[in-house]
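First the structure, in the form of structure tokens, and then the observations on it.
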Amino acid sequence: SENAVPPMPPCAAGAVTLRRLTPDDLRAFQSYRHDPALGRYQGWSATNDHDAAAFISEMGTAPLLQPGVWSQIGIADADTNELIGDIGFLLVADRQHAEIGFTLRRASHGHGLALAAVREAITLLFHLTRAQRVLAMSDTGTWLACR
């Protein structure tokens, strides 16, 4: 159907891979999601292990890029497949634009990994949807737009 989006295979983006979240990601996910500095400007807040595991399970199998519904994928180290962050997607109901938000553990900052992951995420959005614009908000509160 017009609304169907194909399942997401892992996508290599240099030193990172974008992939679905799995139950094995719980420990790494909770590690960076409980870092107050990382959560400061995010739309999420730290949760207990039970709720985080339920979220990971849901996002690991939920259809991606359904209009009006946020979905989350993992950012993993390309060599070890260890989860180092995640990216949220929202295809707006009009399907003409999307929003993304991302989190990367602090130990992975400063190596160009977030840039590689976000570039690949935007490429995926443009490839899998009819979106014409992607909006993201940085942690400094500045809106960025990519076409």
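Simple scheme: letters A, B, ... for chains in structure tokens order, numbers from 1 for residues in each chain, numbers from 1 for ligands in the order shown.
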Considering only C-alpha atoms, give me a table of residues in stretch 31-144 of chain A that are at most 10 Å from stretch 24-27 of chain A, with the closest atom pair and distance in Å for each, as JSON lines.
```
{"residue": "A:Ser31", "atom": "CA", "partner": "A:Arg27", "partner_atom": "CA", "distance": 6.1}
{"residue": "A:Tyr32", "atom": "CA", "partner": "A:Arg27", "partner_atom": "CA", "distance": 9.0}
{"residue": "A:Arg33", "atom": "CA", "partner": "A:Arg27", "partner_atom": "CA", "distance": 9.9}
{"residue": "A:Asp49", "atom": "CA", "partner": "A:Leu26", "partner_atom": "CA", "distance": 7.5}
{"residue": "A:His50", "atom": "CA", "partner": "A:Leu26", "partner_atom": "CA", "distance": 9.6}
{"residue": "A:Ala52", "atom": "CA", "partner": "A:Leu26", "partner_atom": "CA", "distance": 7.1}
{"residue": "A:Ala53", "atom": "CA", "partner": "A:Leu26", "partner_atom": "CA", "distance": 6.2}
{"residue": "A:Ala54", "atom": "CA", "partner": "A:Leu26", "partner_atom": "CA", "distance": 9.8}
{"residue": "A:Phe55", "atom": "CA", "partner": "A:Leu26", "partner_atom": "CA", "distance": 9.7}
{"residue": "A:Ile56", "atom": "CA", "partner": "A:Leu26", "partner_atom": "CA", "distance": 7.4}
{"residue": "A:Ser57", "atom": "CA", "partner": "A:Leu26", "partner_atom": "CA", "distance": 9.7}
{"residue": "A:Gly74", "atom": "CA", "partner": "A:Asp25", "partner_atom": "CA", "distance": 8.8}
{"residue": "A:Ala76", "atom": "CA", "partner": "A:Asp25", "partner_atom": "CA", "distance": 9.7}
{"residue": "A:Asn81", "atom": "CA", "partner": "A:Asp25", "partner_atom": "CA", "distance": 9.8}
{"residue": "A:Glu82", "atom": "CA", "partner": "A:Asp25", "partner_atom": "CA", "distance": 7.6}
{"residue": "A:Leu83", "atom": "CA", "partner": "A:Asp25", "partner_atom": "CA", "distance": 6.1}
{"residue": "A:Ile84", "atom": "CA", "partner": "A:Asp25", "partner_atom": "CA", "distance": 9.3}
{"residue": "A:Gly85", "atom": "CA", "partner": "A:Asp25", "partner_atom": "CA", "distance": 10.0}
```
Wanna dump the stretch 11-46 of chain A-stretch 98-111 of chain A contacts at 12 Å for me, each residue with its shortest atom pair and the distance in Å to one decimal, counting only C-alpha atoms, ordered by chain and number, as a tab-separated table?
```
residue	atom	partner	partner_atom	distance
A:Gly14	CA	A:His111	CA	11.2
A:Ala15	CA	A:His111	CA	9.3
A:Val16	CA	A:Ser108	CA	10.5
A:Leu18	CA	A:Phe102	CA	11.7
A:Ala28	CA	A:Arg105	CA	8.9
A:Phe29	CA	A:Arg105	CA	8.9
A:Gln30	CA	A:Arg105	CA	10.3
A:Ser31	CA	A:Arg105	CA	8.1
A:Tyr32	CA	A:Arg105	CA	5.2
A:Arg33	CA	A:Arg105	CA	8.3
A:His34	CA	A:Arg105	CA	10.1
A:Asp35	CA	A:Arg105	CA	8.4
A:Pro36	CA	A:Arg106	CA	11.0
A:Ala37	CA	A:Arg106	CA	9.0
A:Leu38	CA	A:Thr103	CA	7.1
A:Gly39	CA	A:Thr103	CA	8.3
A:Arg40	CA	A:Thr103	CA	10.9
A:Tyr41	CA	A:Thr103	CA	10.2
A:Gln42	CA	A:Gly101	CA	8.0
A:Gly43	CA	A:Gly101	CA	8.6
A:Trp44	CA	A:Gly101	CA	10.4
```
Generate the output file for the selected residues, N, CA and C atoms, as a PDB file, in the first residue's frame.
```
ATOM      1  N   GLY A  14      29.900   4.402   7.561  1.00  0.00           N
ATOM      2  CA  GLY A  14      31.260   4.581   8.064  1.00  0.00           C
ATOM      3  C   GLY A  14      31.501   3.730   9.296  1.00  0.00           C
ATOM      4  N   ALA A  15      31.848   4.378  10.395  1.00  0.00           N
ATOM      5  CA  ALA A  15      32.178   3.671  11.630  1.00  0.00           C
ATOM      6  C   ALA A  15      30.949   3.290  12.444  1.00  0.00           C
ATOM      7  N   VAL A  16      29.747   3.626  11.953  1.00  0.00           N
ATOM      8  CA  VAL A  16      28.517   3.269  12.656  1.00  0.00           C
ATOM      9  C   VAL A  16      27.575   2.518  11.724  1.00  0.00           C
ATOM     10  N   LEU A  18      23.312   1.854  11.401  1.00  0.00           N
ATOM     11  CA  LEU A  18      21.953   2.111  11.866  1.00  0.00           C
ATOM     12  C   LEU A  18      21.213   0.781  11.789  1.00  0.00           C
ATOM     13  N   ALA A  28      23.317  -0.933  27.411  1.00  0.00           N
ATOM     14  CA  ALA A  28      23.934   0.236  26.765  1.00  0.00           C
ATOM     15  C   ALA A  28      22.928   1.379  26.657  1.00  0.00           C
ATOM     16  N   PHE A  29      21.695   1.055  26.297  1.00  0.00           N
ATOM     17  CA  PHE A  29      20.631   2.052  26.168  1.00  0.00           C
ATOM     18  C   PHE A  29      20.422   2.784  27.501  1.00  0.00           C
ATOM     19  N   GLN A  30      20.310   2.022  28.562  1.00  0.00           N
ATOM     20  CA  GLN A  30      20.097   2.613  29.881  1.00  0.00           C
ATOM     21  C   GLN A  30      21.304   3.420  30.338  1.00  0.00           C
ATOM     22  N   SER A  31      22.492   2.999  29.950  1.00  0.00           N
ATOM     23  CA  SER A  31      23.700   3.718  30.340  1.00  0.00           C
ATOM     24  C   SER A  31      23.664   5.159  29.836  1.00  0.00           C
ATOM     25  N   TYR A  32      23.404   5.362  28.562  1.00  0.00           N
ATOM     26  CA  TYR A  32      23.405   6.745  28.065  1.00  0.00           C
ATOM     27  C   TYR A  32      22.086   7.452  28.315  1.00  0.00           C
ATOM     28  N   ARG A  33      20.988   6.727  28.406  1.00  0.00           N
ATOM     29  CA  ARG A  33      19.707   7.378  28.673  1.00  0.00           C
ATOM     30  C   ARG A  33      19.585   7.853  30.125  1.00  0.00           C
ATOM     31  N   HIS A  34      20.471   7.385  30.995  1.00  0.00           N
ATOM     32  CA  HIS A  34      20.483   7.855  32.387  1.00  0.00           C
ATOM     33  C   HIS A  34      21.547   8.923  32.618  1.00  0.00           C
ATOM     34  N   ASP A  35      22.175   9.393  31.576  1.00  0.00           N
ATOM     35  CA  ASP A  35      23.166  10.466  31.675  1.00  0.00           C
ATOM     36  C   ASP A  35      22.419  11.798  31.620  1.00  0.00           C
ATOM     37  N   PRO A  36      22.337  12.528  32.744  1.00  0.00           N
ATOM     38  CA  PRO A  36      21.549  13.763  32.780  1.00  0.00           C
ATOM     39  C   PRO A  36      22.004  14.807  31.758  1.00  0.00           C
ATOM     40  N   ALA A  37      23.293  14.854  31.461  1.00  0.00           N
ATOM     41  CA  ALA A  37      23.777  15.831  30.480  1.00  0.00           C
ATOM     42  C   ALA A  37      23.230  15.525  29.089  1.00  0.00           C
ATOM     43  N   LEU A  38      23.093  14.241  28.758  1.00  0.00           N
ATOM     44  CA  LEU A  38      22.557  13.878  27.448  1.00  0.00           C
ATOM     45  C   LEU A  38      21.052  14.097  27.368  1.00  0.00           C
ATOM     46  N   GLY A  39      20.360  13.892  28.459  1.00  0.00           N
ATOM     47  CA  GLY A  39      18.917  14.032  28.457  1.00  0.00           C
ATOM     48  C   GLY A  39      18.410  15.453  28.622  1.00  0.00           C
ATOM     49  N   ARG A  40      19.313  16.370  28.858  1.00  0.00           N
ATOM     50  CA  ARG A  40      18.925  17.748  29.191  1.00  0.00           C
ATOM     51  C   ARG A  40      17.955  18.372  28.192  1.00  0.00           C
ATOM     52  N   TYR A  41      18.214  18.239  26.912  1.00  0.00           N
ATOM     53  CA  TYR A  41      17.370  18.865  25.898  1.00  0.00           C
ATOM     54  C   TYR A  41      16.524  17.866  25.111  1.00  0.00           C
ATOM     55  N   GLN A  42      16.489  16.638  25.563  1.00  0.00           N
ATOM     56  CA  GLN A  42      15.754  15.606  24.838  1.00  0.00           C
ATOM     57  C   GLN A  42      14.275  15.614  25.194  1.00  0.00           C
ATOM     58  N   GLY A  43      13.488  14.980  24.333  1.00  0.00           N
ATOM     59  CA  GLY A  43      12.056  14.840  24.581  1.00  0.00           C
ATOM     60  C   GLY A  43      11.735  13.621  25.413  1.00  0.00           C
ATOM     61  N   TRP A  44      12.747  12.885  25.847  1.00  0.00           N
ATOM     62  CA  TRP A  44      12.546  11.703  26.676  1.00  0.00           C
ATOM     63  C   TRP A  44      13.161  11.932  28.050  1.00  0.00           C
TER      64      TRP A  44
END
```
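As for atom CA of A:Thr129 and atom CA of A:Pro67, they are spaced 9.9 Å apart.
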Legend entry - Length of the atom CA of A:Arg20 to atom CA of A:Leu64 vector [Å]: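 Result for atom CA of A:Arg20 versus atom CA of A:Leu64: 9.7 Å, one decimal.
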Inset, instruction - Could you give me the residues within stretch 17-100 of chain A that DSSP places in helix (DSSP H, G or I), as a ChimeraX atom specification? - result: /A:23-33,36-39,49-61
Could you save the residues just selected, with C-alpha atoms, as a PDB file, in the first residue's frame?
```
ATOM      1  CA  PRO A  23      16.709  -6.708  23.787  1.00  0.00           C
ATOM      2  CA  ASP A  24      20.511  -7.086  24.046  1.00  0.00           C
ATOM      3  CA  ASP A  25      20.755  -3.276  23.853  1.00  0.00           C
ATOM      4  CA  LEU A  26      19.121  -2.662  27.242  1.00  0.00           C
ATOM      5  CA  ARG A  27      22.310  -2.146  29.281  1.00  0.00           C
ATOM      6  CA  ALA A  28      23.934   0.236  26.765  1.00  0.00           C
ATOM      7  CA  PHE A  29      20.631   2.052  26.168  1.00  0.00           C
ATOM      8  CA  GLN A  30      20.097   2.613  29.881  1.00  0.00           C
ATOM      9  CA  SER A  31      23.700   3.718  30.340  1.00  0.00           C
ATOM     10  CA  TYR A  32      23.405   6.745  28.065  1.00  0.00           C
ATOM     11  CA  ARG A  33      19.707   7.378  28.673  1.00  0.00           C
ATOM     12  CA  PRO A  36      21.549  13.763  32.780  1.00  0.00           C
ATOM     13  CA  ALA A  37      23.777  15.831  30.480  1.00  0.00           C
ATOM     14  CA  LEU A  38      22.557  13.878  27.448  1.00  0.00           C
ATOM     15  CA  GLY A  39      18.917  14.032  28.457  1.00  0.00           C
ATOM     16  CA  ASP A  49      14.737  -1.139  33.154  1.00  0.00           C
ATOM     17  CA  HIS A  50      11.283  -2.686  32.753  1.00  0.00           C
ATOM     18  CA  ASP A  51       9.898   0.309  30.852  1.00  0.00           C
ATOM     19  CA  ALA A  52      13.087   0.688  28.806  1.00  0.00           C
ATOM     20  CA  ALA A  53      12.987  -3.008  27.844  1.00  0.00           C
ATOM     21  CA  ALA A  54       9.352  -2.641  26.776  1.00  0.00           C
ATOM     22  CA  PHE A  55      10.260   0.430  24.690  1.00  0.00           C
ATOM     23  CA  ILE A  56      13.195  -1.384  23.048  1.00  0.00           C
ATOM     24  CA  SER A  57      10.989  -4.377  22.293  1.00  0.00           C
ATOM     25  CA  GLU A  58       8.293  -2.189  20.786  1.00  0.00           C
ATOM     26  CA  MET A  59      10.741  -0.158  18.680  1.00  0.00           C
ATOM     27  CA  GLY A  60      12.540  -3.304  17.548  1.00  0.00           C
ATOM     28  CA  THR A  61       9.452  -4.552  15.744  1.00  0.00           C
TER      29      THR A  61
END
```
